[in-house]
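**Student:** So here's upload-v4.tsv, just TSV, C-alpha atoms:
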chain	number	residue	atom	x	y	z
A	1	MET	CA	42.45	56.98	-0.50
A	2	ASP	CA	40.46	59.35	-2.70
A	3	SER	CA	37.32	60.91	-1.29
A	4	THR	CA	34.20	58.76	-0.94
A	5	LYS	CA	31.53	59.39	-3.54
A	6	LEU	CA	28.35	60.38	-1.70
A	7	ILE	CA	25.14	58.99	-3.19
A	8	TYR	CA	22.60	60.39	-0.71
A	9	PRO	CA	22.96	64.11	-1.66
A	10	GLU	CA	21.33	63.42	-5.04
A	11	ASP	CA	19.12	60.49	-4.02
A	12	MET	CA	17.98	60.81	-0.40
A	13	GLN	CA	15.50	57.92	-0.69
A	14	LYS	CA	17.99	55.29	-1.84
A	15	LEU	CA	18.50	52.72	0.93
A	16	THR	CA	20.39	49.98	-0.96
A	17	HIS	CA	23.47	50.22	-3.15
A	18	GLU	CA	26.43	48.20	-4.43
A	19	THR	CA	30.02	49.43	-4.38
A	20	CYS	CA	33.61	48.32	-3.72
A	21	VAL	CA	35.65	48.04	-0.53
A	22	MET	CA	38.62	50.44	-0.54
A	23	GLY	CA	40.12	49.52	2.81
A	24	ILE	CA	39.63	48.03	6.28
A	25	SER	CA	41.35	48.99	9.54
A	26	GLU	CA	41.06	48.49	13.29
A	27	GLU	CA	40.81	51.55	15.55
A	28	ASP	CA	40.04	51.70	19.27
A	29	GLY	CA	38.65	48.18	19.32
A	30	LYS	CA	36.30	48.73	16.37
A	31	THR	CA	36.55	48.01	12.66
A	32	VAL	CA	36.47	50.80	10.08
A	33	VAL	CA	35.38	50.00	6.51
A	34	LEU	CA	36.12	52.46	3.69
A	35	LEU	CA	34.08	52.29	0.48
A	36	ASP	CA	34.32	53.75	-3.00
A	37	GLU	CA	30.73	55.06	-2.70
A	38	THR	CA	28.18	55.23	0.10
A	39	ILE	CA	24.50	55.80	0.79
A	40	PHE	CA	25.14	55.96	4.56
A	41	TYR	CA	24.69	59.43	6.05
A	42	PRO	CA	27.60	60.47	8.32
A	43	GLN	CA	26.65	62.47	11.39
A	44	GLY	CA	26.64	66.22	10.79
A	45	GLY	CA	24.45	69.25	10.28
A	46	GLY	CA	22.48	68.45	13.42
A	47	GLN	CA	21.42	65.03	12.07
A	48	PRO	CA	22.53	61.64	13.49
A	49	TYR	CA	24.36	59.03	11.41
A	50	ASP	CA	22.73	56.12	9.64
A	51	GLN	CA	23.14	52.52	10.72
A	52	GLY	CA	22.73	49.32	8.74
A	53	VAL	CA	24.60	46.47	7.07
A	54	ILE	CA	27.37	45.99	4.51
A	55	GLU	CA	27.67	42.42	3.21
A	56	ASN	CA	28.65	39.97	0.52
A	57	GLU	CA	29.22	36.21	0.36
A	58	SER	CA	32.39	36.41	2.45
A	59	GLY	CA	31.28	38.69	5.26
A	60	LYS	CA	28.59	40.70	7.04
A	61	PHE	CA	29.51	44.03	8.64
A	62	ILE	CA	27.20	45.80	11.09
A	63	VAL	CA	27.45	49.58	10.67
A	64	GLU	CA	27.09	51.15	14.11
A	65	GLU	CA	28.41	54.63	13.39
A	66	VAL	CA	29.27	56.73	10.31
A	67	ARG	CA	31.69	59.67	10.28
A	68	PHE	CA	33.04	61.99	7.57
A	69	VAL	CA	36.75	62.82	7.89
A	70	ASP	CA	38.78	64.71	5.27
A	71	GLY	CA	36.49	63.71	2.42
A	72	VAL	CA	36.33	60.05	3.42
A	73	VAL	CA	33.29	58.35	4.97
A	74	ARG	CA	34.25	55.98	7.79
A	75	HIS	CA	31.81	53.11	8.39
A	76	ILE	CA	32.49	52.02	11.97
A	77	GLY	CA	31.26	48.79	13.55
A	78	HIS	CA	32.00	45.07	13.67
A	79	PHE	CA	31.88	41.95	11.51
A	80	GLU	CA	29.02	39.66	12.45
A	81	LYS	CA	30.63	37.01	10.27
A	82	GLY	CA	33.64	36.69	7.97
A	83	SER	CA	35.40	39.72	6.51
A	84	PHE	CA	36.04	41.62	3.26
A	85	SER	CA	39.05	42.07	1.02
A	86	THR	CA	40.01	45.32	-0.66
A	87	GLY	CA	38.41	45.54	-4.09
A	88	GLN	CA	35.51	43.23	-3.29
A	89	GLU	CA	32.01	44.28	-4.25
A	90	VAL	CA	29.59	44.65	-1.34
A	91	ALA	CA	25.91	45.43	-0.86
A	92	LEU	CA	24.90	48.34	1.36
A	93	LYS	CA	21.62	48.38	3.28
A	94	VAL	CA	20.62	51.38	5.40
A	95	ASP	CA	18.29	50.78	8.36
A	96	PRO	CA	15.04	52.18	6.89
A	97	GLU	CA	13.27	52.93	10.19
A	98	ARG	CA	16.18	54.91	11.62
A	99	ARG	CA	16.67	56.85	8.38
A	100	ALA	CA	12.94	57.61	8.15
A	101	LEU	CA	12.77	58.98	11.69
A	102	HIS	CA	15.83	61.19	11.21
A	103	ALA	CA	14.54	62.45	7.86
A	104	ARG	CA	11.17	63.30	9.42
A	105	LEU	CA	12.80	65.19	12.28
A	106	HIS	CA	15.18	67.02	9.94
A	107	SER	CA	12.46	68.04	7.50
A	108	ALA	CA	10.19	69.11	10.37
A	109	GLY	CA	12.88	71.52	11.54
A	110	HIS	CA	12.92	73.19	8.14
A	111	VAL	CA	9.12	73.27	8.02
A	112	LEU	CA	9.35	75.39	11.17
A	113	ASP	CA	11.45	77.80	9.08
A	114	MET	CA	8.69	77.82	6.47
A	115	ALA	CA	6.11	78.63	9.14
A	116	VAL	CA	8.23	81.41	10.65
A	117	ASN	CA	8.70	82.88	7.16
A	118	GLU	CA	4.99	82.54	6.33
A	119	LEU	CA	4.04	84.42	9.51
A	120	GLY	CA	6.46	87.23	8.66
A	121	LEU	CA	8.45	86.83	11.88
A	122	PRO	CA	11.87	88.56	11.69
A	123	TRP	CA	13.72	85.56	13.08
A	124	ILE	CA	16.98	84.34	11.50
A	125	PRO	CA	17.47	80.54	11.66
A	126	GLY	CA	20.70	79.30	13.20
A	127	LYS	CA	21.58	76.02	14.89
A	128	GLY	CA	19.37	73.00	14.25
A	129	TYR	CA	19.38	69.89	16.44
A	130	HIS	CA	17.40	67.08	14.81
A	131	PHE	CA	18.17	64.19	17.18
A	132	PRO	CA	15.23	62.18	18.59
A	133	ASP	CA	16.10	63.04	22.22
A	134	GLY	CA	14.81	66.61	21.96
A	135	PRO	CA	14.97	68.31	18.55
A	136	TYR	CA	14.97	72.10	18.31
A	137	ILE	CA	15.75	75.06	16.07
A	138	GLU	CA	17.46	78.23	17.30
A	139	TYR	CA	16.75	81.67	15.84
A	140	ASP	CA	18.33	85.06	16.27
A	141	GLY	CA	15.48	87.29	17.41
A	142	SER	CA	13.14	87.99	20.29
A	143	PHE	CA	9.48	88.21	21.24
A	144	GLU	CA	7.42	89.52	24.11
A	145	GLU	CA	6.69	86.91	26.78
A	146	ALA	CA	2.97	87.70	26.58
A	147	GLU	CA	3.04	86.60	22.93
A	148	LYS	CA	4.56	83.17	23.59
A	149	GLU	CA	1.43	81.03	23.78
A	150	ASN	CA	-0.14	82.61	20.71
A	151	LEU	CA	3.13	82.38	18.73
A	152	GLN	CA	3.45	78.70	19.57
A	153	LYS	CA	-0.08	78.00	18.32
A	154	GLN	CA	0.40	80.05	15.15
A	155	ILE	CA	3.71	78.43	14.21
A	156	GLU	CA	2.46	74.92	14.91
A	157	SER	CA	-0.70	75.52	12.88
A	158	ALA	CA	1.18	77.00	9.92
A	159	ALA	CA	3.72	74.14	9.95
A	160	ASN	CA	1.02	71.46	9.97
A	161	LYS	CA	-0.80	73.16	7.09
A	162	PHE	CA	2.35	72.83	4.98
A	163	ILE	CA	2.64	69.17	6.00
A	164	ALA	CA	-1.02	68.44	5.24
A	165	ALA	CA	-0.65	70.05	1.80
A	166	GLY	CA	1.65	67.19	0.76
A	167	ILE	CA	4.37	69.39	-0.71
A	168	GLN	CA	7.01	67.46	-2.66
A	169	THR	CA	10.71	67.71	-1.87
A	170	SER	CA	13.27	68.32	-4.62
A	171	ILE	CA	16.98	69.12	-4.89
A	172	GLN	CA	18.96	71.71	-6.82
A	173	PHE	CA	22.66	72.52	-6.87
A	174	MET	CA	23.56	76.18	-7.26
A	175	PRO	CA	26.24	78.70	-6.28
A	176	LYS	CA	25.70	80.74	-3.13
A	177	SER	CA	25.17	83.87	-5.23
A	178	GLU	CA	21.93	82.40	-6.67
A	179	MET	CA	20.46	80.91	-3.50
A	180	HIS	CA	18.62	84.08	-2.49
A	181	LYS	CA	16.23	83.43	-5.40
A	182	VAL	CA	14.75	80.38	-3.61
A	183	CYS	CA	16.04	80.61	-0.02
A	184	ALA	CA	14.68	82.98	2.62
A	185	ASN	CA	18.03	82.77	4.46
A	186	VAL	CA	21.49	81.96	3.10
A	187	PRO	CA	24.17	81.28	5.77
A	188	ASP	CA	27.38	83.34	5.57
A	189	TYR	CA	29.57	80.26	6.10
A	190	LEU	CA	28.67	78.69	2.73
A	191	PRO	CA	31.64	78.77	0.33
A	192	GLU	CA	31.55	81.15	-2.61
A	193	GLY	CA	31.93	80.04	-6.21
A	194	LYS	CA	31.18	76.32	-6.14
A	195	PRO	CA	27.65	74.83	-6.30
A	196	ALA	CA	26.09	73.67	-3.05
A	197	ARG	CA	22.90	71.72	-2.44
A	198	VAL	CA	19.55	73.38	-1.82
A	199	VAL	CA	16.60	71.28	-0.64
A	200	LEU	CA	13.26	72.66	-1.82
A	201	TYR	CA	9.86	72.08	-0.29
A	202	GLY	CA	7.86	73.26	-3.26
A	203	THR	CA	9.41	76.68	-3.91
A	204	PHE	CA	10.82	77.20	-0.39
A	205	GLY	CA	14.55	76.48	-0.44
A	206	VAL	CA	16.98	75.62	2.37
A	207	PRO	CA	20.74	75.16	1.90
A	208	CYS	CA	21.23	71.74	3.48
A	209	GLY	CA	23.30	68.58	3.07
A	210	GLY	CA	21.15	66.20	5.13
A	211	THR	CA	18.44	63.66	4.32
A	212	HIS	CA	14.78	64.62	4.06
A	213	VAL	CA	11.34	63.15	3.42
A	214	ALA	CA	10.16	62.82	-0.18
A	215	ASN	CA	6.87	64.52	0.65
A	216	LEU	CA	6.03	66.69	3.66
A	217	LYS	CA	3.09	64.38	4.47
A	218	ASP	CA	5.71	61.81	5.47
A	219	ILE	CA	6.55	63.94	8.52
A	220	GLY	CA	3.23	63.10	10.17
A	221	HIS	CA	2.19	65.70	12.76
A	222	LEU	CA	4.50	68.40	14.14
A	223	MET	CA	4.08	69.47	17.74
A	224	ILE	CA	5.92	72.36	19.36
A	225	ARG	CA	7.01	71.38	22.87
A	226	LYS	CA	8.07	74.85	23.98
A	227	ILE	CA	9.48	78.19	22.89
A	228	SER	CA	12.11	79.98	24.94
A	229	ASN	CA	13.50	83.47	24.53
A	230	LYS	CA	16.78	84.50	26.15
A	231	LYS	CA	19.31	87.21	25.29
A	232	GLY	CA	18.26	87.54	21.66
A	233	LEU	CA	18.16	83.78	21.07
A	234	ILE	CA	14.90	81.95	20.48
A	235	ARG	CA	14.75	78.17	20.79
A	236	VAL	CA	11.78	76.27	19.36
A	237	GLY	CA	11.59	72.69	20.64
A	238	TYR	CA	9.46	70.29	18.61
A	239	ASP	CA	8.52	66.64	18.08
A	240	VAL	CA	6.88	64.59	15.33
A	241	THR	CA	4.22	61.92	15.73
Please go through the file and, once you have read it, give me the structure as structure tokens.
**Tutor:**
Amino acid sequence: MDSTKLIYPEDMQKLTHETCVMGISEEDGKTVVLLDETIFYPQGGGQPYDQGVIENESGKFIVEEVRFVDGVVRHIGHFEKGSFSTGQEVALKVDPERRALHARLHSAGHVLDMAVNELGLPWIPGKGYHFPDGPYIEYDGSFEEAEKENLQKQIESAANKFIAAGIQTSIQFMPKSEMHKVCANVPDYLPEGKPARVVLYGTFGVPCGGTHVANLKDIGHLMIRKISNKKGLIRVGYDVT
């Protein structure tokens, strides 16, 4: 089939949608539903997949896992009742509590980047892990061990000031060559030439394809669990409450 049209990159707050079934298959004891369009976020970029329900009058499908393979989003799960036929219209409903938690954790990771940038620390953001079981951001850089406690307090304080300010989130699509105008760091792996998505917290941009809060106040409170420094790699572990 053709690639799945992704709705969430342009509307991260949309949790319900209607679209058509493009195919159904059975793989490894689970059912896979393919759709023309989707609001379900497939796991990637350090963020877990959405869960929820796809249903119409003839069936109800429980979405347990969502994956993106070769341009097609695979909704993996089981039918609680009935089934679908190809071409049928279905209603999509994303689990709002799960989405909200993942969006808070993801946005909080990027607010750490804002804090690091605000403090003038020469750290380059790398891997982000935004899962609830222990989220963290890794940076290329180093610091003196004697500075650790003070750095932790400064970063946490700066991050929570941004959150308390209630900064709105917005989206822009732009080529990599223009991202330096709004992004403190632009990853080398981004493709040249075609527009990619930048998420902006006010004027602070981050190239990112995940889901985020509409306003930084939605994050709640950010707490840094620990900061480690080993062989030029800094890891900042955090939580949100």
**Student:** Could you pull the residues within 12 Å of range 70-85 of chain A, counting only C-alpha atoms, minus those fewer than 6 positions along the same chain, as a PyMOL selection string?
**Tutor:** chain A and resi 1-7+20-44+49-64+91-92+94
**Student:** I want to know what sits within 9 Å of Val199 in chain A, based on all atoms listed in the file, with residues of the same chain fewer than 3 positions away left out; could you give that as an MDAnalysis selection string?
**Tutor:** chainID A and resid 169:173 204:210 212
**Student:** Any idea what's packed within 8 Å of range 98-108 of chain A, counting all atoms listed in the file, ignoring anything in its chain fewer than 4 positions away? Could you give it as JSON, numbers by chain?
**Tutor:** {"A": [47, 48, 50, 51, 94, 112, 130, 131, 132, 135, 210, 211, 212, 213, 216, 218, 219, 220, 222, 239, 240]}
**Student:** Nearest to Ser228 in chain A: which of A:Leu151, A:Ala184, A:Val198, A:Met12 is it, counting all atoms listed in the file?
**Tutor:**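 Looking only at the distances to Ser228 in chain A, the closest residue turns out to be A:Leu151.
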**Student:** Interatomic distance between CA of Ala164 in chain A and CA of Thr203 in chain A?
**Tutor:**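 It comes out at 16.1 Å.
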**Student:** Just give me the gap between CA of Thr241 in chain A and CA of Tyr136 in chain A in Å, one decimal is fine.
**Tutor:**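 Result for CA of Thr241 in chain A versus CA of Tyr136 in chain A: 15.0 Å, one decimal.
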**Student:** Let me make sure I understand: among A:Tyr8, A:Tyr201, A:Tyr189, A:Phe162, which one has the smallest atom-to-atom distance to Gly126 in chain A if we use all atoms listed in the file?
**Tutor:**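 Among A:Tyr8, A:Tyr201, A:Tyr189, A:Phe162, it is A:Tyr189 that comes nearest to Gly126 in chain A.
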**Student:** Rank A:His110, A:Lys93, A:Lys148, A:Arg67 by their smallest atom-to-atom distance to Asn229 in chain A, using all atoms listed in the file, and report the top residue only.
**Tutor:** A:Lys148
**Student:** In Å, rounded to a single decimal, give me how far CA of Leu121 in chain A is from CA of Lys230 in chain A.
**Tutor:**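 Between these atoms lies a distance of 16.7 Å.
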**Student:** Because the input lacks atoms here, generate all heavy atoms for range 214-225 of chain A and report them as a PDB file, in the frame of the given file.
**Tutor:**
ATOM      1  N   ALA A 214      10.481  62.579   1.230  1.00  0.00           N
ATOM      2  CA  ALA A 214      10.160  62.820  -0.180  1.00  0.00           C
ATOM      3  C   ALA A 214       8.966  63.749  -0.326  1.00  0.00           C
ATOM      4  O   ALA A 214       8.865  64.495  -1.296  1.00  0.00           O
ATOM      5  CB  ALA A 214       9.884  61.493  -0.882  1.00  0.00           C
ATOM      6  N   ASN A 215       8.073  63.700   0.647  1.00  0.00           N
ATOM      7  CA  ASN A 215       6.870  64.520   0.650  1.00  0.00           C
ATOM      8  C   ASN A 215       6.604  64.951   2.089  1.00  0.00           C
ATOM      9  O   ASN A 215       6.779  64.151   3.017  1.00  0.00           O
ATOM     10  CB  ASN A 215       5.683  63.707   0.109  1.00  0.00           C
ATOM     11  CG  ASN A 215       4.410  64.532  -0.043  1.00  0.00           C
ATOM     12  OD1 ASN A 215       3.846  65.018   0.924  1.00  0.00           O
ATOM     13  ND2 ASN A 215       3.941  64.660  -1.276  1.00  0.00           N
ATOM     14  N   LEU A 216       6.205  66.197   2.295  1.00  0.00           N
ATOM     15  CA  LEU A 216       6.030  66.690   3.660  1.00  0.00           C
ATOM     16  C   LEU A 216       4.984  65.893   4.445  1.00  0.00           C
ATOM     17  O   LEU A 216       5.038  65.860   5.685  1.00  0.00           O
ATOM     18  CB  LEU A 216       5.668  68.177   3.658  1.00  0.00           C
ATOM     19  CG  LEU A 216       6.773  69.137   3.193  1.00  0.00           C
ATOM     20  CD1 LEU A 216       6.362  70.582   3.448  1.00  0.00           C
ATOM     21  CD2 LEU A 216       8.099  68.842   3.890  1.00  0.00           C
ATOM     22  N   LYS A 217       4.047  65.226   3.762  1.00  0.00           N
ATOM     23  CA  LYS A 217       3.090  64.380   4.470  1.00  0.00           C
ATOM     24  C   LYS A 217       3.777  63.266   5.253  1.00  0.00           C
ATOM     25  O   LYS A 217       3.238  62.761   6.240  1.00  0.00           O
ATOM     26  CB  LYS A 217       2.078  63.784   3.487  1.00  0.00           C
ATOM     27  CG  LYS A 217       0.937  64.723   3.122  1.00  0.00           C
ATOM     28  CD  LYS A 217      -0.122  63.988   2.327  1.00  0.00           C
ATOM     29  CE  LYS A 217      -1.316  64.902   2.039  1.00  0.00           C
ATOM     30  NZ  LYS A 217      -2.364  64.204   1.242  1.00  0.00           N
ATOM     31  N   ASP A 218       4.968  62.879   4.793  1.00  0.00           N
ATOM     32  CA  ASP A 218       5.710  61.810   5.470  1.00  0.00           C
ATOM     33  C   ASP A 218       6.159  62.201   6.859  1.00  0.00           C
ATOM     34  O   ASP A 218       6.536  61.335   7.658  1.00  0.00           O
ATOM     35  CB  ASP A 218       6.927  61.400   4.629  1.00  0.00           C
ATOM     36  CG  ASP A 218       6.559  60.852   3.267  1.00  0.00           C
ATOM     37  OD1 ASP A 218       5.436  60.334   3.140  1.00  0.00           O
ATOM     38  OD2 ASP A 218       7.382  60.951   2.339  1.00  0.00           O
ATOM     39  N   ILE A 219       6.143  63.480   7.182  1.00  0.00           N
ATOM     40  CA  ILE A 219       6.550  63.940   8.520  1.00  0.00           C
ATOM     41  C   ILE A 219       5.556  63.466   9.569  1.00  0.00           C
ATOM     42  O   ILE A 219       5.920  63.123  10.687  1.00  0.00           O
ATOM     43  CB  ILE A 219       6.667  65.481   8.563  1.00  0.00           C
ATOM     44  CG1 ILE A 219       7.838  65.935   7.697  1.00  0.00           C
ATOM     45  CG2 ILE A 219       6.825  65.990   9.993  1.00  0.00           C
ATOM     46  CD1 ILE A 219       7.933  67.449   7.534  1.00  0.00           C
ATOM     47  N   GLY A 220       4.269  63.427   9.202  1.00  0.00           N
ATOM     48  CA  GLY A 220       3.230  63.100  10.170  1.00  0.00           C
ATOM     49  C   GLY A 220       2.651  64.378  10.759  1.00  0.00           C
ATOM     50  O   GLY A 220       2.200  65.262  10.026  1.00  0.00           O
ATOM     51  N   HIS A 221       2.696  64.495  12.080  1.00  0.00           N
ATOM     52  CA  HIS A 221       2.190  65.700  12.760  1.00  0.00           C
ATOM     53  C   HIS A 221       3.336  66.337  13.536  1.00  0.00           C
ATOM     54  O   HIS A 221       4.092  65.663  14.225  1.00  0.00           O
ATOM     55  CB  HIS A 221       1.058  65.337  13.713  1.00  0.00           C
ATOM     56  CG  HIS A 221       0.493  66.526  14.445  1.00  0.00           C
ATOM     57  ND1 HIS A 221      -0.411  67.394  13.870  1.00  0.00           N
ATOM     58  CD2 HIS A 221       0.729  66.996  15.705  1.00  0.00           C
ATOM     59  CE1 HIS A 221      -0.721  68.340  14.742  1.00  0.00           C
ATOM     60  NE2 HIS A 221      -0.051  68.122  15.863  1.00  0.00           N
ATOM     61  N   LEU A 222       3.465  67.653  13.411  1.00  0.00           N
ATOM     62  CA  LEU A 222       4.500  68.400  14.140  1.00  0.00           C
ATOM     63  C   LEU A 222       3.885  69.050  15.368  1.00  0.00           C
ATOM     64  O   LEU A 222       2.845  69.706  15.272  1.00  0.00           O
ATOM     65  CB  LEU A 222       5.117  69.453  13.229  1.00  0.00           C
ATOM     66  CG  LEU A 222       6.315  70.239  13.779  1.00  0.00           C
ATOM     67  CD1 LEU A 222       7.240  70.666  12.642  1.00  0.00           C
ATOM     68  CD2 LEU A 222       5.865  71.484  14.557  1.00  0.00           C
ATOM     69  N   MET A 223       4.537  68.856  16.498  1.00  0.00           N
ATOM     70  CA  MET A 223       4.080  69.470  17.740  1.00  0.00           C
ATOM     71  C   MET A 223       5.211  70.299  18.336  1.00  0.00           C
ATOM     72  O   MET A 223       6.350  69.827  18.433  1.00  0.00           O
ATOM     73  CB  MET A 223       3.679  68.391  18.741  1.00  0.00           C
ATOM     74  CG  MET A 223       3.230  68.943  20.098  1.00  0.00           C
ATOM     75  SD  MET A 223       3.050  67.658  21.347  1.00  0.00           S
ATOM     76  CE  MET A 223       4.762  67.229  21.660  1.00  0.00           C
ATOM     77  N   ILE A 224       4.921  71.522  18.693  1.00  0.00           N
ATOM     78  CA  ILE A 224       5.920  72.360  19.360  1.00  0.00           C
ATOM     79  C   ILE A 224       5.858  72.115  20.863  1.00  0.00           C
ATOM     80  O   ILE A 224       4.807  72.328  21.490  1.00  0.00           O
ATOM     81  CB  ILE A 224       5.707  73.847  19.037  1.00  0.00           C
ATOM     82  CG1 ILE A 224       5.915  74.085  17.535  1.00  0.00           C
ATOM     83  CG2 ILE A 224       6.669  74.719  19.849  1.00  0.00           C
ATOM     84  CD1 ILE A 224       5.722  75.517  17.102  1.00  0.00           C
ATOM     85  N   ARG A 225       6.959  71.652  21.439  1.00  0.00           N
ATOM     86  CA  ARG A 225       7.010  71.380  22.870  1.00  0.00           C
ATOM     87  C   ARG A 225       7.062  72.666  23.681  1.00  0.00           C
ATOM     88  O   ARG A 225       6.371  72.827  24.677  1.00  0.00           O
ATOM     89  CB  ARG A 225       8.249  70.538  23.228  1.00  0.00           C
ATOM     90  CG  ARG A 225       8.291  69.166  22.629  1.00  0.00           C
ATOM     91  CD  ARG A 225       9.401  68.333  23.259  1.00  0.00           C
ATOM     92  NE  ARG A 225      10.642  69.063  23.454  1.00  0.00           N
ATOM     93  CZ  ARG A 225      11.583  69.227  22.530  1.00  0.00           C
ATOM     94  NH1 ARG A 225      11.407  68.715  21.316  1.00  0.00           N
ATOM     95  NH2 ARG A 225      12.688  69.890  22.787  1.00  0.00           N
TER      96      ARG A 225
END
